[in-house]
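Before any comments, here is the structure.
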Amino acid sequence: MEPWKLVASLALTASALAGQGKRTIAVGDTVRDSLTRHDALLPAESTYAKQWRLAGTAGKTVTIDVAADAFDAYAFLLGPGLETAKPQDDDSGGRCNARLTVRLPQTGDYFIVVTSSERFATGAYTLSVVPGTKPHSLAPCNR
């Protein structure tokens, strides 16, 4: 996903994701879920998306991993102090998986958005959040 496309999409993300349930994840957790045709559609990219709330603490570094076999995973993070940074990742987790390492600038609720780089892609994924950093993988995405 092109960074300029993401910026355009973020303007629509809040309203597109507002109707979703109250999914939460904590540092140290791993969840399994799926992107489906019933999820929010980000119109600029024609991709489905799910949002997860993460309670964050200022100064803490977290690594967010999204792994999927069915689609090319893409993740971005929204929240306090990230209005201009807009952290995002496509393939740093290796083999078409997303890995995003972020030092949280403020204490508050952050929102991890799980989506795909592929239009209208659906399927199972695993989302995990761990404290600290992990290296970027060099394993290529072969899609």
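Here's how to read the names in the structure tokens: chain A, B, ... by the order shown, residue numbers from 1 in each chain, ligand numbers from 1 in the order shown.
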
- [ ] Find the spatial neighbours of range 55-65 of chain A, counting only C-alpha atoms, within a cut-off of 6 Å - ignore same-chain residues fewer than 5 positions away - and output them as a ChimeraX atom specification.
- [x] /A:98-109,127-133

File dump, residues just selected, C-alpha atoms, as a compact mmCIF listing (two decimals), in the first residue's frame:
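See selection.txt below for the written result:
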```txt
# COMPACT_ATOMS: atom_id res chain seq x y z
CA ALA A 98 3.35 -7.40 8.86
CA ARG A 99 5.63 -6.41 11.75
CA LEU A 100 5.38 -2.97 13.29
CA THR A 101 7.63 -1.82 16.15
CA VAL A 102 6.58 1.42 17.82
CA ARG A 103 7.63 3.44 20.86
CA LEU A 104 4.31 4.73 22.19
CA PRO A 105 4.49 8.50 22.63
CA GLN A 106 1.62 8.91 25.10
CA THR A 107 -0.45 6.89 27.54
CA GLY A 108 -3.88 6.08 26.13
CA ASP A 109 -5.86 3.88 23.79
CA LEU A 127 -2.33 -10.83 15.71
CA SER A 128 0.21 -10.60 18.52
CA VAL A 129 1.60 -7.74 20.57
CA VAL A 130 4.82 -8.21 22.54
CA PRO A 131 6.93 -5.83 24.61
CA GLY A 132 10.17 -4.58 23.05
CA THR A 133 11.57 -4.93 19.57
```

TODO: List every residue of chain A that DSSP, applied to the backbone, labels as helix (DSSP H, G or I), and write the result as JSON, numbers by chain.
DONE: {"A": [3, 4, 5, 6, 7, 8, 9, 10, 11, 12, 13, 14, 15, 16, 17]}

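Among A:Cys96, A:Leu42, A:Leu138, A:Ala124, the residue with the shortest atom-to-atom distance to Asp72 in chain A, counting only C-alpha atoms, is A:Cys96.
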
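Proximity to Ala73 in chain A was assessed for A:Asn142, A:Arg32, A:Ser117, A:Asp39 counting only C-alpha atoms; the smallest distance is recorded for A:Ser117.
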
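With distances restricted to only C-alpha atoms, A:Phe76 is the closest residue to Gln88 in chain A from A:Trp52, A:Phe120, A:Phe71, A:Phe76.
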
Where does DSSP see strand (DSSP E or B) in chain A, if you list the residues as an mmCIF file with N, CA and C atoms, in the first residue's frame?
```
data_model
loop_
_atom_site.group_PDB
_atom_site.id
_atom_site.type_symbol
_atom_site.label_atom_id
_atom_site.label_comp_id
_atom_site.auth_asym_id
_atom_site.auth_seq_id
_atom_site.Cartn_x
_atom_site.Cartn_y
_atom_site.Cartn_z
ATOM 1 N N THR A 24 -10.305 -6.070 21.898
ATOM 2 C CA THR A 24 -9.152 -5.546 22.616
ATOM 3 C C THR A 24 -8.046 -6.589 22.609
ATOM 4 N N THR A 30 -1.891 -12.942 22.107
ATOM 5 C CA THR A 30 -2.013 -13.368 20.715
ATOM 6 C C THR A 30 -3.465 -13.740 20.497
ATOM 7 N N VAL A 31 -4.051 -13.253 19.402
ATOM 8 C CA VAL A 31 -5.435 -13.591 19.058
ATOM 9 C C VAL A 31 -5.478 -14.124 17.629
ATOM 10 N N ARG A 32 -6.464 -14.977 17.393
ATOM 11 C CA ARG A 32 -6.702 -15.490 16.046
ATOM 12 C C ARG A 32 -8.069 -15.000 15.612
ATOM 13 N N ASP A 33 -8.125 -14.513 14.385
ATOM 14 C CA ASP A 33 -9.378 -13.981 13.858
ATOM 15 C C ASP A 33 -9.327 -14.109 12.344
ATOM 16 N N SER A 34 -10.309 -13.528 11.675
ATOM 17 C CA SER A 34 -10.355 -13.565 10.211
ATOM 18 C C SER A 34 -10.864 -12.246 9.664
ATOM 19 N N LEU A 35 -10.367 -11.881 8.493
ATOM 20 C CA LEU A 35 -10.979 -10.808 7.714
ATOM 21 C C LEU A 35 -12.070 -11.464 6.875
ATOM 22 N N ALA A 40 -15.384 -4.017 7.974
ATOM 23 C CA ALA A 40 -15.343 -2.672 7.396
ATOM 24 C C ALA A 40 -14.531 -2.697 6.102
ATOM 25 N N LEU A 41 -14.984 -1.948 5.121
ATOM 26 C CA LEU A 41 -14.291 -1.841 3.844
ATOM 27 C C LEU A 41 -13.624 -0.477 3.772
ATOM 28 N N LEU A 42 -12.297 -0.477 3.577
ATOM 29 C CA LEU A 42 -11.574 0.777 3.380
ATOM 30 C C LEU A 42 -11.675 1.106 1.894
ATOM 31 N N THR A 47 -10.066 -2.756 0.585
ATOM 32 C CA THR A 47 -9.611 -3.821 1.473
ATOM 33 C C THR A 47 -10.483 -3.871 2.723
ATOM 34 N N TYR A 48 -10.677 -5.074 3.231
ATOM 35 C CA TYR A 48 -11.413 -5.250 4.479
ATOM 36 C C TYR A 48 -10.471 -4.980 5.638
ATOM 37 N N ALA A 49 -11.034 -4.560 6.781
ATOM 38 C CA ALA A 49 -10.190 -4.213 7.927
ATOM 39 C C ALA A 49 -10.911 -4.505 9.233
ATOM 40 N N LYS A 50 -10.099 -4.837 10.245
ATOM 41 C CA LYS A 50 -10.589 -4.981 11.617
ATOM 42 C C LYS A 50 -9.703 -4.154 12.521
ATOM 43 N N GLN A 51 -10.328 -3.601 13.549
ATOM 44 C CA GLN A 51 -9.640 -2.734 14.505
ATOM 45 C C GLN A 51 -9.578 -3.404 15.869
ATOM 46 N N TRP A 52 -8.406 -3.277 16.521
ATOM 47 C CA TRP A 52 -8.183 -3.820 17.860
ATOM 48 C C TRP A 52 -7.688 -2.709 18.763
ATOM 49 N N ARG A 53 -8.275 -2.575 19.955
ATOM 50 C CA ARG A 53 -7.843 -1.552 20.914
ATOM 51 C C ARG A 53 -6.713 -2.104 21.766
ATOM 52 N N LEU A 54 -5.672 -1.284 21.935
ATOM 53 C CA LEU A 54 -4.514 -1.617 22.758
ATOM 54 C C LEU A 54 -4.288 -0.487 23.739
ATOM 55 N N ALA A 55 -4.348 -0.781 25.035
ATOM 56 C CA ALA A 55 -4.048 0.231 26.048
ATOM 57 C C ALA A 55 -2.533 0.387 26.094
ATOM 58 N N GLY A 56 -2.061 1.613 25.838
ATOM 59 C CA GLY A 56 -0.625 1.846 25.757
ATOM 60 C C GLY A 56 -0.115 2.761 26.842
ATOM 61 N N THR A 61 7.898 0.426 24.289
ATOM 62 C CA THR A 61 8.030 -0.045 22.911
ATOM 63 C C THR A 61 7.322 -1.376 22.783
ATOM 64 N N VAL A 62 6.523 -1.520 21.719
ATOM 65 C CA VAL A 62 5.809 -2.767 21.450
ATOM 66 C C VAL A 62 6.063 -3.177 20.002
ATOM 67 N N THR A 63 5.995 -4.476 19.782
ATOM 68 C CA THR A 63 6.053 -5.006 18.425
ATOM 69 C C THR A 63 4.735 -5.704 18.137
ATOM 70 N N ILE A 64 4.135 -5.328 17.039
ATOM 71 C CA ILE A 64 2.846 -5.860 16.598
ATOM 72 C C ILE A 64 3.107 -6.730 15.375
ATOM 73 N N ASP A 65 2.675 -7.984 15.439
ATOM 74 C CA ASP A 65 2.820 -8.898 14.310
ATOM 75 C C ASP A 65 1.452 -9.329 13.816
ATOM 76 N N VAL A 66 1.279 -9.296 12.491
ATOM 77 C CA VAL A 66 0.077 -9.835 11.856
ATOM 78 C C VAL A 66 0.561 -10.867 10.844
ATOM 79 N N ALA A 67 0.176 -12.120 11.061
ATOM 80 C CA ALA A 67 0.581 -13.211 10.178
ATOM 81 C C ALA A 67 -0.654 -13.828 9.538
ATOM 82 N N ALA A 73 -0.635 -9.585 4.636
ATOM 83 C CA ALA A 73 -1.036 -8.822 5.822
ATOM 84 C C ALA A 73 -0.460 -7.405 5.810
ATOM 85 N N TYR A 74 -1.254 -6.468 6.293
ATOM 86 C CA TYR A 74 -0.860 -5.067 6.394
ATOM 87 C C TYR A 74 -1.416 -4.552 7.715
ATOM 88 N N ALA A 75 -0.621 -3.775 8.449
ATOM 89 C CA ALA A 75 -1.073 -3.242 9.735
ATOM 90 C C ALA A 75 -0.710 -1.779 9.848
ATOM 91 N N PHE A 76 -1.561 -1.023 10.503
ATOM 92 C CA PHE A 76 -1.204 0.339 10.881
ATOM 93 C C PHE A 76 -1.744 0.625 12.262
ATOM 94 N N LEU A 77 -1.153 1.648 12.890
ATOM 95 C CA LEU A 77 -1.476 1.987 14.265
ATOM 96 C C LEU A 77 -1.925 3.433 14.335
ATOM 97 N N LEU A 78 -3.037 3.653 15.018
ATOM 98 C CA LEU A 78 -3.586 4.986 15.231
ATOM 99 C C LEU A 78 -3.620 5.243 16.729
ATOM 100 N N GLN A 88 3.018 2.195 10.000
ATOM 101 C CA GLN A 88 2.374 1.202 9.152
ATOM 102 C C GLN A 88 3.417 0.211 8.669
ATOM 103 N N ASP A 89 2.983 -1.005 8.319
ATOM 104 C CA ASP A 89 3.917 -1.985 7.785
ATOM 105 C C ASP A 89 3.185 -2.994 6.909
ATOM 106 N N GLY A 94 8.172 -10.809 7.357
ATOM 107 C CA GLY A 94 8.608 -11.875 6.464
ATOM 108 C C GLY A 94 7.461 -12.632 5.849
ATOM 109 N N ASN A 97 3.970 -11.109 5.859
ATOM 110 C CA ASN A 97 3.419 -10.804 7.174
ATOM 111 C C ASN A 97 3.884 -9.423 7.623
ATOM 112 N N ALA A 98 3.044 -8.753 8.391
ATOM 113 C CA ALA A 98 3.348 -7.398 8.857
ATOM 114 C C ALA A 98 4.006 -7.440 10.228
ATOM 115 N N ARG A 99 4.994 -6.582 10.430
ATOM 116 C CA ARG A 99 5.627 -6.407 11.747
ATOM 117 C C ARG A 99 5.863 -4.917 11.935
ATOM 118 N N LEU A 100 5.329 -4.400 13.013
ATOM 119 C CA LEU A 100 5.384 -2.971 13.292
ATOM 120 C C LEU A 100 5.918 -2.777 14.708
ATOM 121 N N THR A 101 7.068 -2.116 14.840
ATOM 122 C CA THR A 101 7.626 -1.820 16.152
ATOM 123 C C THR A 101 7.501 -0.327 16.401
ATOM 124 N N VAL A 102 6.896 0.028 17.535
ATOM 125 C CA VAL A 102 6.585 1.424 17.818
ATOM 126 C C VAL A 102 6.881 1.743 19.278
ATOM 127 N N ARG A 103 7.504 2.889 19.505
ATOM 128 C CA ARG A 103 7.626 3.438 20.863
ATOM 129 C C ARG A 103 6.405 4.333 21.052
ATOM 130 N N GLY A 108 -2.512 5.998 26.638
ATOM 131 C CA GLY A 108 -3.879 6.083 26.134
ATOM 132 C C GLY A 108 -4.227 4.879 25.281
ATOM 133 N N ASP A 109 -5.386 4.960 24.642
ATOM 134 C CA ASP A 109 -5.861 3.877 23.790
ATOM 135 C C ASP A 109 -5.324 4.055 22.377
ATOM 136 N N TYR A 110 -4.695 2.985 21.882
ATOM 137 C CA TYR A 110 -4.203 2.927 20.506
ATOM 138 C C TYR A 110 -5.069 1.932 19.756
ATOM 139 N N PHE A 111 -5.098 2.052 18.445
ATOM 140 C CA PHE A 111 -5.922 1.173 17.635
ATOM 141 C C PHE A 111 -5.073 0.553 16.537
ATOM 142 N N ILE A 112 -4.963 -0.776 16.599
ATOM 143 C CA ILE A 112 -4.266 -1.543 15.577
ATOM 144 C C ILE A 112 -5.301 -1.868 14.516
ATOM 145 N N VAL A 113 -5.000 -1.534 13.279
ATOM 146 C CA VAL A 113 -5.895 -1.866 12.182
ATOM 147 C C VAL A 113 -5.225 -2.957 11.357
ATOM 148 N N VAL A 114 -5.906 -4.108 11.257
ATOM 149 C CA VAL A 114 -5.439 -5.247 10.471
ATOM 150 C C VAL A 114 -6.171 -5.214 9.149
ATOM 151 N N THR A 115 -5.404 -5.236 8.068
ATOM 152 C CA THR A 115 -5.987 -5.223 6.738
ATOM 153 C C THR A 115 -5.068 -6.001 5.808
ATOM 154 N N SER A 116 -5.232 -5.811 4.524
ATOM 155 C CA SER A 116 -4.446 -6.538 3.531
ATOM 156 C C SER A 116 -3.916 -5.583 2.475
ATOM 157 N N GLY A 123 -9.638 -14.029 4.976
ATOM 158 C CA GLY A 123 -9.001 -15.225 5.507
ATOM 159 C C GLY A 123 -8.529 -15.036 6.929
ATOM 160 N N ALA A 124 -8.027 -16.123 7.494
ATOM 161 C CA ALA A 124 -7.586 -16.148 8.887
ATOM 162 C C ALA A 124 -6.261 -15.407 9.061
ATOM 163 N N TYR A 125 -6.091 -14.831 10.247
ATOM 164 C CA TYR A 125 -4.822 -14.198 10.612
ATOM 165 C C TYR A 125 -4.588 -14.361 12.105
ATOM 166 N N THR A 126 -3.333 -14.139 12.505
ATOM 167 C CA THR A 126 -2.946 -14.123 13.907
ATOM 168 C C THR A 126 -2.357 -12.761 14.205
ATOM 169 N N LEU A 127 -2.819 -12.138 15.268
ATOM 170 C CA LEU A 127 -2.328 -10.835 15.712
ATOM 171 C C LEU A 127 -1.676 -11.018 17.074
ATOM 172 N N SER A 128 -0.446 -10.537 17.208
ATOM 173 C CA SER A 128 0.205 -10.598 18.516
ATOM 174 C C SER A 128 0.878 -9.270 18.814
ATOM 175 N N VAL A 129 0.933 -8.952 20.097
ATOM 176 C CA VAL A 129 1.601 -7.742 20.574
ATOM 177 C C VAL A 129 2.545 -8.173 21.691
ATOM 178 N N VAL A 130 3.831 -7.848 21.529
ATOM 179 C CA VAL A 130 4.821 -8.211 22.542
ATOM 180 C C VAL A 130 5.587 -6.966 22.965
ATOM 181 N N PRO A 131 6.127 -6.972 24.183
ATOM 182 C CA PRO A 131 6.934 -5.830 24.608
ATOM 183 C C PRO A 131 8.286 -5.855 23.887
#
```

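Of the residues under consideration (A:Thr122, A:Arg95, A:Asp90, A:Leu82), A:Thr122 shows the shortest atom-to-atom contact distance to Arg37 in chain A when counting only C-alpha atoms.
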
Task: Interatomic distance (Å, one decimal) between CA of Pro43 in chain A and CA of Ala121 in chain A - done: 13.3 Å
